[in-house]
Structures are given as structure tokens and as C-alpha cells.
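J.: First the structure, then my questions, so here it is.
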Amino acid sequence: VLPPLPELDRLAPVPLAQQIAGFYADAIATGRVPPGERLPTIRAVADGCAVTRSTVQDAYRRLADRGLVESTVGRGTVVLATGAAEGAPSGALSGAPSPRGALSRYAEAAMRRTQEVVAAPPLPPGTALVANFAELMPDDAAFPVDDWRLAMDAVLRTGGGELLGYGHAANGLPSLRALLAERSREFDPGVTADDVLVTAGAQQALDLVLRTFCSPGDTVLVSVPSYHQMHGLLRAHGLSVVQVPFGEAGLDLDRLARALERPVRLAYLMPTFHNPTGRTLTLAQRQALVDVVSRTDVLVVEDEYQTSLRCRGEALPTLRSLDPRNRTLTVSTVSKELFPALRIGWVVGGQELLRPMAVVKRFMDLESSPLLQAALVEFVRRGSFDRHLDALRAELRLRLDALRSAAAEHLPPGCTISDPDGGFVAWLELPQPGHGDRLAQQALLRGVRVVPGRMFDLHQSPSRGVRLSLTRATVEHIHAGLAVLGDCARQIVDAPVAAQPFL
Ligand SMILES: Cc1ncc(COP(=O)(O)O)c(C=O)c1O
């Protein structure tokens with residue numbers, strides 16, 4: 001019996017390749033296509049489902065990424081024995097030895113992703129740097145090193161050896177949790193120390209959320225574009241991903257509602273200074289979004305990685321504070337507003353969500369460093385944190401103003417740039433898909449580094465945009481860099497269509 005062909009829903013917001021991959025992943029998980037069996041040829045699926053061969057290739061590549069199949073010349077696409085266990089009910093295949101490589105599937109996916117994805121290449125040798133808009137890393141020249149040293153010294157003098165032992169505080173030092181709760185109340189009035197779990201940066205928090213609430217084969221919804229390091233995590237956890245467009249008017253709520261008609265386990269969103277666009281959802285957009293998700297039981301994870309870096313307008317409530325179901329988690333970090341080296345982030349959530357996360361986190365690292373947490377409390381207590389934040393925001397305001405005026409001066413018609421109210425990222429968009437990727441290539445040759453927009457799409461589809469990070473770009477760099485970007489953009493936009501390769 002030949003393996004079945006999928007039935008595709010062309011009105012669904014889910015890409016056809018994803019539907020095909022999802023269909024065969026289910027068929028493998030339920031044993032309808034057993035290990036060793038071949039999937040239909042790419043041509044058979046393309047003809048049978050009236051899609052292009054590259055769509056089927058994309059679908060099969062996704063299955064291979066999840067370790068479910070292997071494609072070899074001559075043998076076609078064969079279901080792997082390890083793959084059958086992935087979505088099977090627990091215990092269904094227990095005890096069955098499975099042939100496997102040296103690495104776990106998680107590690108395989110992490111290795112593959114790390115090899116595949118180079119967000120922004122370095123300048124070609126001999127090219128002088130005009131502006132670096134690539135990495136979203138705080139500028140180490142601006143770190144208040146002396147103030148931090150004083151805080152470390154003070155806590156070591158008072159806390160001594162105790163701070164160098166285990167802190168016996170799996171959810172985080174109580175003093176830090178109280179402080180983070182107090183600071184979070186600006187955006188989420190009811191937060192108490194009990195609602196806070198300290199993590200090793202936001203990145204660990206995101207991994208922890210997936211470990212705690214998702215199983216391989218579950219579907220997770222993300223915006224497109226979206227934070228690219230999350231894409232790697234989603235792949236490593238063997239999750240299916242639905243992308244919902246995030247544009248000038250915020251998240252596309254019609255597409256969101258349609259995507260949520262199918263089972264979706266979790267939605268990952270960035271309502272404030274979204275990475276990579278820098279856009280922020282208004283209060284009305286937040287409420288409308290919460291209205292849509294709260295008709296379902298989808299778990300929402302909002303990544304508030306730069307919330308305190310607001311330069312303009314009022315602080316806005318978190319999605320969590322608007323969610324009547326108590327099914328939203330807020331992830332935050334000190335990496336962008338202080339130093340990434342602390343590896344301190346935190347999650348705010350109700351007990352039902354936080355308790356299992358804390359247990360899983362103990363499995364991963366026992367606890368976060370008591371010494372660094374205590375020093376952070378001291379750093380805040382001395383006023384050093386707020387002084388640093390004020391200085392950072394003042395500089396950021398100058399840079400965002402410079403970006404606005406340089407964009408108005410240099411960008412040709414048809415190009416747009418986002419106008420962030422804070423945070424270090426902005427999004428420059430050209431008229432056609434693929435233009436952003438060409439802009440990144442051409443600007444690099446002229447000394448300007450940006451991240452091409454396709455990096456923020458799970459499938460790396462051609463993008464109109466590029467991300468500009470302002471952490472390493474001074475006001476002077478911004479003016480010089482935008483002059484180059486404007487010039488390259490003009491050449492790309494004016495080029496005859498035939499001269500525009502589809503990247
Ligand atoms: C949107 C977003 N979330 C999370 C992180 C990870 O931050 P952390 O250094 O706290 O792990 C980053 C880092 O750039 C980010 O941009």
C-alpha cells in the first residue's frame with residue numbers, strides 16, 4: 001500500500017510545505033508510515049497535491065530537520081526508526097532499541113542550526129567600517145564597571161562565604177524577586193515576589209518554557225519576522241511552527257484567529273520594541289490581541305526583553321496583565337539594559353505555570369548564581385542601576401532621533417523605516433521581497449553591517465527588510481550608515497526587474 005497523500009487546505013494561514021510536513025509527521029507518529037518505509041516521491045506529492053516540487057522539498061527538509069526521515073540519492077525519503085517515537089503516545093514504543101547517531105535530536109538540531117545561520121557576516125577584508133548595525137549587544141564601552149565592582153565588593157564583604165555557596169533559593173534570591181516584582185508593577189500592577197522565577201537570561205527562560213509546556217510535534221505560533229534564536233530552539237524541541245505576520249498595524253489578528261482554529265500549544269510574542277522591527281503594540285492592539293487568544297487555551301509567552309528602554313510615550317500594560325485566563329508568561333532580562341554577562345533574566349507568571357517551570361529549571365542548573373543576584377540587588381539599592389538606565393536612555397533617544405532624521409534625508413521613495421518609541425532595533429523596508437537581503441549584501445561591501453530580514457523568518461524566505469541595531473552605532477555612525485543604506489536602496493529599487501535575482 002502506497003503511503004497516503006495529504007489533503008491541503010489552501011485557505012489556511014499555514015504554509016503548504018508545513019501542512020505537508022505536518023501530515024507526514026502525524027502519519028509517522030501514529031505508525032501509519034512505519035520506519036524503513038519510503039515517503040512518496042517529491043514528484044508524486046507535487047503532482048498529486050498540485051503544488052510545486054520545491055514546496056514538497058521544503059516539507060521533506062522540515063521532516064529531516066526533525067530527525068523523522070532521511071533523504072538519500074537512489075533510495076528516496078525513508079522514515080527513520082527514531083522518528084517513529086517522536087510523537088507516539090508515551091510508552092508505545094518503549095524498550096524498542098532504535099538506531100541513532102552520537103548526538104541527541106536536540107543537539108543535532110542545535111548543531112545544524114548553528115552551522116546554517118550566520119546572522120550578519122563580517123566585513124570583507126580591507127573594507128573600512130562605516131557603521132555596525134548588526135549585533136544587538138550592549139556597548140561594553142558604556143558599562144558602569146566601577147559601580148559594579150563596588151556592588152560586588154559590598155555584598156562579598158557583608159554576605160561573605162554564604163554567597164559563594166548554594167543559595168537554597170531555586171526560584172531566585174527572595175530579595176531579587178521582591179525587587180523585580182516591584183519594578184514589574186509599572187507594567188503589571190498585581191505582581192508579587194511569588195510570581196517571579198529568576199533564570200539565566202531570557203534565553204534560558206524561553207528554553208525552559210518550551211521544555212515545560214511543549215512536546216515534540218506540538219504547534220507553536222510566532223510572529224514573522226521574529227527573534228531568530230527562538231527559531232533554533234523551536235526546531236531543537238521538534239515543534240511545528242505557524243508564522244503570523246507582524247506588520248505596521250501589529251500582529252495580523254485575522255491570520256492569528258485562523259491559526260488558532262487548530263490546536264496551538266503556545267504563542268511567542270514581543271509586544272514591546274519587537275525584535276526585529278522595533279514596533280510596539282498600542283494598548284488597543286494589545287487588548288484586541290488578548291481578546292483573540294483568550295477565546296482559546298493557548299499559552300502566551302511575551303518576551304519583554306527591552307521594556308525599560310522606553311524613550312517616548314507611556315509604559316504599556318503587559319499582555320499578561322490583560323489576560324483574564326492567567327495563561328500568559330512575561331519573560332524579561334537585564335541583558336539589554338545592563339550587562340548580558342550577568343545572565344540574569346526572569347519570568348513572571350501565575351503559580352500554576354511557574355511551579356512546574358521551577359522544578360524543570362532545578363533539573364537544568366539547580367539554581368542561578370546567588371552571588372550575581374545579590375550583587376544586582378546591591379547595584380539597584382545604591383541607585384547605580386537607575387543612573388545607568390537614565391544615561392542609556394538619554395543616548396538611545398539621541399540615536400533614535402538621528403535615525404529618524406537620517407532616514408528622512410537619505411532613504412529613497414518606496415522605502416520605510418520603523419519609528420520605535422524605545423529599544424535598540426529598527427526595521428528598514430524596501431518595496432519587494434528579496435530587496436532587504438540584497439541591501440544587506442551591498443551595504444556590507446561599503447562598510448555597513450545590518451542583519452538581512454530573511455534571518456527573522458523560520459524558512460529564511462526572501463525579505464523586504466533589514467534589521468538595524470543601534471547598540472554599536474553612534475549618532476555619527478547612524479548618519480554615515482544611513483547615507484550608504486539610502487544609496488544602496490536607491491540602486492536596488494531603480495534596478496530593472498530582470499537584474500533583480502530572487503534570493
Ligand atoms: C527578543 C530577545 N529575547 C531574548 C534574548 C536573549 O536575551 P538574554 O541575554 O537575556 O538571554 C534576546 C537577545 O538578543 C532577544 O533579542
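Identifiers in the C-alpha cells: chain A, B, ... in order shown; residue index from 1 per chain; ligand index from 1 in order shown.
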Using only C-alpha atoms and all ligand atoms, which residues of the polymer chains come no farther than 6 Å from ligand 1? I'd like the answer as a list in words.

T.: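 Taking only C-alpha atoms and all ligand atoms into account, the residues around ligand 1 at most 6 Å away are Leu136, Gly201, Ala202, Gln203, Tyr227, Asn275, Asp303, Tyr305, Thr333, Ser335, Pro340 and Gly345 of chain A.
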
J.: Pull all heavy atoms from the residues just selected and write them as a CSV table (one decimal), in the first residue's frame.

T.:
chain,number,residue,atom,x,y,z
A,136,LEU,N,23.0,42.9,18.3
A,136,LEU,CA,22.1,43.6,19.3
A,136,LEU,C,22.8,43.3,20.7
A,136,LEU,O,22.3,42.6,21.5
A,136,LEU,CB,20.7,43.0,19.3
A,136,LEU,CG,19.7,43.5,20.3
A,136,LEU,CD1,19.6,45.0,20.3
A,136,LEU,CD2,18.3,42.9,20.0
A,201,GLY,N,19.2,34.5,32.1
A,201,GLY,CA,18.8,35.3,30.9
A,201,GLY,C,17.5,34.9,30.4
A,201,GLY,O,16.8,34.0,30.8
A,202,ALA,N,17.0,35.7,29.4
A,202,ALA,CA,15.8,35.4,28.7
A,202,ALA,C,15.8,34.2,27.9
A,202,ALA,O,14.9,33.4,27.8
A,202,ALA,CB,15.3,36.6,27.8
A,203,GLN,N,17.0,33.9,27.4
A,203,GLN,CA,17.2,32.7,26.5
A,203,GLN,C,16.9,31.4,27.3
A,203,GLN,O,16.2,30.6,26.8
A,203,GLN,CB,18.6,32.7,25.9
A,203,GLN,CG,18.8,31.7,24.8
A,203,GLN,CD,18.0,32.1,23.5
A,203,GLN,OE1,17.7,33.3,23.3
A,203,GLN,NE2,17.7,31.1,22.7
A,227,TYR,N,12.3,37.0,16.5
A,227,TYR,CA,13.7,36.8,17.1
A,227,TYR,C,14.2,35.4,16.6
A,227,TYR,O,13.7,34.4,16.9
A,227,TYR,CB,13.5,36.8,18.6
A,227,TYR,CG,14.7,36.4,19.4
A,227,TYR,CD1,16.0,37.0,19.1
A,227,TYR,CD2,14.6,35.5,20.5
A,227,TYR,CE1,17.1,36.7,19.9
A,227,TYR,CE2,15.7,35.2,21.2
A,227,TYR,CZ,17.0,35.8,20.9
A,227,TYR,OH,18.1,35.5,21.7
A,275,ASN,N,11.6,42.6,18.3
A,275,ASN,CA,12.8,42.2,17.6
A,275,ASN,C,12.4,41.3,16.4
A,275,ASN,O,11.8,40.3,16.6
A,275,ASN,CB,13.8,41.4,18.5
A,275,ASN,CG,15.1,41.1,17.9
A,275,ASN,OD1,15.4,41.5,16.8
A,275,ASN,ND2,16.0,40.4,18.6
A,303,ASP,N,7.8,38.2,25.3
A,303,ASP,CA,9.3,38.5,25.5
A,303,ASP,C,9.4,40.0,25.7
A,303,ASP,O,9.5,40.7,24.7
A,303,ASP,CB,10.1,37.9,24.4
A,303,ASP,CG,11.5,37.9,24.6
A,303,ASP,OD1,12.0,38.7,25.5
A,303,ASP,OD2,12.3,37.2,23.9
A,305,TYR,N,12.0,41.9,26.4
A,305,TYR,CA,13.5,41.9,26.6
A,305,TYR,C,14.1,43.3,26.7
A,305,TYR,O,15.2,43.5,27.0
A,305,TYR,CB,14.1,41.1,25.4
A,305,TYR,CG,14.0,41.8,24.1
A,305,TYR,CD1,15.2,42.2,23.5
A,305,TYR,CD2,12.8,42.1,23.5
A,305,TYR,CE1,15.1,42.9,22.3
A,305,TYR,CE2,12.7,42.8,22.3
A,305,TYR,CZ,13.9,43.2,21.7
A,305,TYR,OH,13.8,43.8,20.5
A,333,THR,N,14.7,40.5,31.0
A,333,THR,CA,16.1,40.2,31.2
A,333,THR,C,16.8,41.5,31.5
A,333,THR,O,16.3,42.6,31.2
A,333,THR,CB,16.7,39.7,29.9
A,333,THR,OG1,18.1,39.6,30.0
A,333,THR,CG2,16.4,40.5,28.6
A,335,SER,N,19.9,41.9,30.3
A,335,SER,CA,21.0,41.8,29.3
A,335,SER,C,21.1,43.1,28.5
A,335,SER,O,22.2,43.6,28.2
A,335,SER,CB,20.8,40.7,28.3
A,335,SER,OG,21.1,39.5,29.0
A,340,PRO,N,24.8,41.7,29.6
A,340,PRO,CA,24.4,40.3,29.3
A,340,PRO,C,25.2,39.3,30.2
A,340,PRO,O,24.8,38.2,30.4
A,340,PRO,CB,24.8,40.2,27.8
A,340,PRO,CG,25.4,41.4,27.4
A,340,PRO,CD,25.3,42.4,28.4
A,345,GLY,N,17.8,36.8,34.0
A,345,GLY,CA,16.5,37.1,33.4
A,345,GLY,C,15.5,36.7,34.4
A,345,GLY,O,15.8,36.2,35.4

J.: List the neighbours of Pro412 of chain A out to 10 Å using only C-alpha atoms; skip same-chain residues closer than 3 positions along the sequence, and give me the result as number ranges by chain.

T.: A: 407-409, 415-416, 430, 485-491, 493-494

J.: According to DSSP computed on the backbone, where in segment 37-207 of chain A is there strand (DSSP E)? Give the residues as a list in words.

T.: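 The residues of segment 37-207 of chain A classed as strand (DSSP E) are Val69, Glu70, Ser71, Thr72, Gly76, Thr77, Val78, Val79, Ala131, Asn132, Val196, Leu197, Val198 and Thr199 of chain A.
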
J.: Would you write out those residues with all heavy atoms, as a compact mmCIF listing (two decimals), in the first residue's frame?

T.:
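The result, stored in part-v5.txt:
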# COMPACT_ATOMS: atom_id res chain seq x y z
N VAL A 69 12.94 11.68 9.01
CA VAL A 69 13.22 10.99 7.75
C VAL A 69 14.65 11.28 7.32
O VAL A 69 15.30 12.20 7.84
CB VAL A 69 12.27 11.46 6.61
CG1 VAL A 69 10.83 11.22 6.94
CG2 VAL A 69 12.51 12.93 6.29
N GLU A 70 15.10 10.48 6.36
CA GLU A 70 16.42 10.75 5.79
C GLU A 70 16.28 10.62 4.28
O GLU A 70 15.67 9.65 3.81
CB GLU A 70 17.41 9.72 6.32
CG GLU A 70 18.83 9.99 5.91
CD GLU A 70 19.75 8.98 6.56
OE1 GLU A 70 19.54 7.77 6.32
OE2 GLU A 70 20.66 9.39 7.29
N SER A 71 16.84 11.59 3.55
CA SER A 71 16.75 11.51 2.09
C SER A 71 18.11 11.13 1.54
O SER A 71 19.11 11.76 1.88
CB SER A 71 16.35 12.86 1.50
OG SER A 71 15.09 13.22 2.01
N THR A 72 18.14 10.09 0.73
CA THR A 72 19.41 9.73 0.08
C THR A 72 19.14 9.52 -1.40
O THR A 72 18.07 9.04 -1.78
CB THR A 72 20.00 8.41 0.64
OG1 THR A 72 18.95 7.62 1.13
CG2 THR A 72 21.00 8.65 1.72
N GLY A 76 15.49 7.61 -2.04
CA GLY A 76 14.36 8.48 -1.76
C GLY A 76 14.33 8.90 -0.31
O GLY A 76 15.36 8.89 0.37
N THR A 77 13.13 9.20 0.18
CA THR A 77 12.99 9.72 1.54
C THR A 77 12.42 8.62 2.44
O THR A 77 11.29 8.19 2.27
CB THR A 77 12.06 10.94 1.54
OG1 THR A 77 12.61 11.89 0.61
CG2 THR A 77 11.97 11.58 2.90
N VAL A 78 13.26 8.17 3.37
CA VAL A 78 12.91 7.00 4.17
C VAL A 78 12.63 7.40 5.62
O VAL A 78 13.34 8.24 6.18
CB VAL A 78 14.10 5.98 4.13
CG1 VAL A 78 13.79 4.77 5.00
CG2 VAL A 78 14.37 5.57 2.70
N VAL A 79 11.60 6.81 6.19
CA VAL A 79 11.25 7.10 7.59
C VAL A 79 12.27 6.45 8.51
O VAL A 79 12.60 5.27 8.36
CB VAL A 79 9.83 6.57 7.92
CG1 VAL A 79 9.50 6.78 9.39
CG2 VAL A 79 8.81 7.26 7.03
N ALA A 131 29.54 51.80 9.57
CA ALA A 131 28.58 51.70 10.68
C ALA A 131 28.26 50.23 10.92
O ALA A 131 28.09 49.47 9.97
CB ALA A 131 27.30 52.45 10.35
N ASN A 132 28.21 49.86 12.19
CA ASN A 132 27.82 48.49 12.55
C ASN A 132 26.42 48.51 13.13
O ASN A 132 26.21 48.91 14.27
CB ASN A 132 28.81 47.90 13.55
CG ASN A 132 28.46 46.46 13.88
OD1 ASN A 132 27.53 45.88 13.28
ND2 ASN A 132 29.16 45.88 14.83
N VAL A 196 7.57 35.56 40.53
CA VAL A 196 8.83 35.75 39.79
C VAL A 196 9.73 34.52 39.90
O VAL A 196 9.97 34.01 40.99
CB VAL A 196 9.59 36.99 40.34
CG1 VAL A 196 10.94 37.13 39.64
CG2 VAL A 196 8.77 38.25 40.17
N LEU A 197 10.21 34.07 38.76
CA LEU A 197 11.21 33.00 38.72
C LEU A 197 12.45 33.56 38.01
O LEU A 197 12.36 33.98 36.86
CB LEU A 197 10.66 31.80 37.93
CG LEU A 197 11.64 30.67 37.61
CD1 LEU A 197 12.08 29.94 38.87
CD2 LEU A 197 11.00 29.66 36.64
N VAL A 198 13.59 33.54 38.72
CA VAL A 198 14.83 34.07 38.13
C VAL A 198 15.45 32.99 37.24
O VAL A 198 15.49 31.81 37.61
CB VAL A 198 15.82 34.50 39.23
CG1 VAL A 198 17.15 34.96 38.63
CG2 VAL A 198 15.21 35.61 40.08
N THR A 199 15.92 33.41 36.05
CA THR A 199 16.51 32.45 35.10
C THR A 199 17.87 32.97 34.62
O THR A 199 18.24 34.10 34.91
CB THR A 199 15.61 32.30 33.85
OG1 THR A 199 15.48 33.60 33.24
CG2 THR A 199 14.25 31.76 34.20

J.: Take atom CA of Ala249 of chain A and atom CA of Arg464 of chain A and report the distance between them in Å, one decimal.

T.: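 Going from atom CA of Ala249 of chain A over to atom CA of Arg464 of chain A, I get 16.5 Å.
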
J.: Skip Asp207 of chain A itself and residues of its chain fewer than 4 positions away, then list as a list in words all residues within 9 Å of it, counting only C-alpha atoms.

T.: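 The filter keeps Ala202, Gln203, Arg211, Thr212, Met230, Leu233, Leu234 and His237 of chain A.
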
J.: Tell me which protein, DNA and RNA residues are within 9 Å of Asp9 of chain A, counting only C-alpha atoms, leaving out same-chain ones fewer than 5 positions away, and put them as a compact mmCIF listing (two decimals) with all heavy atoms, in the first residue's frame.

T.:
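Once everything was written out, this is around.txt:
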# COMPACT_ATOMS: atom_id res chain seq x y z
N VAL A 14 -1.53 28.42 7.27
CA VAL A 14 -0.35 27.58 7.42
C VAL A 14 0.25 27.30 6.05
O VAL A 14 -0.46 26.84 5.14
CB VAL A 14 -0.75 26.23 8.09
CG1 VAL A 14 0.45 25.35 8.30
CG2 VAL A 14 -1.50 26.50 9.38
N LEU A 16 1.86 25.71 2.77
CA LEU A 16 1.58 24.37 2.24
C LEU A 16 2.68 23.37 2.64
O LEU A 16 2.40 22.23 2.98
CB LEU A 16 1.44 24.43 0.72
CG LEU A 16 0.25 25.27 0.24
CD1 LEU A 16 0.25 25.40 -1.28
CD2 LEU A 16 -1.07 24.66 0.72
N GLN A 19 2.01 22.20 5.99
CA GLN A 19 0.89 21.26 6.05
C GLN A 19 1.34 19.86 5.62
O GLN A 19 0.97 18.85 6.23
CB GLN A 19 -0.25 21.73 5.15
CG GLN A 19 -0.91 23.01 5.64
CD GLN A 19 -2.15 23.34 4.82
OE1 GLN A 19 -2.90 22.45 4.42
NE2 GLN A 19 -2.36 24.62 4.58

J.: Fewer than 4 positions away in the same chain doesn't count, so skip those; otherwise give me all residues within 8 Å of Ala440 of chain A, counting only C-alpha atoms, as a list in words.

T.: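 That gives Gly436, Leu444, Arg449, Val450, Val451, Pro452 and Val466 of chain A.
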
J.: Please write the residues from the selection above to a file, keeping N, CA, C and O atoms, as a short mmCIF file (atom, residue, chain, number, x, y, z; two decimals), in the first residue's frame.

T.:
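Wrote part05.cif, looks like this:
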data_model
loop_
_atom_site.label_atom_id
_atom_site.label_comp_id
_atom_site.auth_asym_id
_atom_site.auth_seq_id
_atom_site.Cartn_x
_atom_site.Cartn_y
_atom_site.Cartn_z
N GLY A 436 15.59 43.34 0.81
CA GLY A 436 16.29 43.51 2.09
C GLY A 436 17.59 42.71 2.09
O GLY A 436 18.63 43.18 2.58
N LEU A 444 27.26 45.78 2.96
CA LEU A 444 28.44 45.16 3.56
C LEU A 444 29.69 45.52 2.77
O LEU A 444 30.74 45.84 3.34
N ARG A 449 27.21 47.17 8.24
CA ARG A 449 26.70 45.84 8.60
C ARG A 449 25.27 45.94 9.12
O ARG A 449 24.98 46.72 10.02
N VAL A 450 24.37 45.16 8.53
CA VAL A 450 22.99 45.05 9.01
C VAL A 450 22.64 43.57 8.98
O VAL A 450 23.37 42.77 8.40
N VAL A 451 21.52 43.19 9.59
CA VAL A 451 21.10 41.79 9.50
C VAL A 451 19.98 41.68 8.47
O VAL A 451 18.97 42.40 8.57
N PRO A 452 20.16 40.84 7.45
CA PRO A 452 19.09 40.71 6.43
C PRO A 452 17.81 40.14 7.05
O PRO A 452 17.87 39.25 7.90
N VAL A 466 15.57 44.89 6.48
CA VAL A 466 16.80 44.59 7.23
C VAL A 466 16.61 45.13 8.64
O VAL A 466 15.87 46.09 8.85
#

J.: Restricting the calculation to only C-alpha atoms: of A:Gly172, A:Pro3, A:Gly238, A:Pro35, which residue gets closest to Arg66 of chain A?

T.: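 Of the candidates, the smallest distance to Arg66 of chain A is held by A:Gly238.
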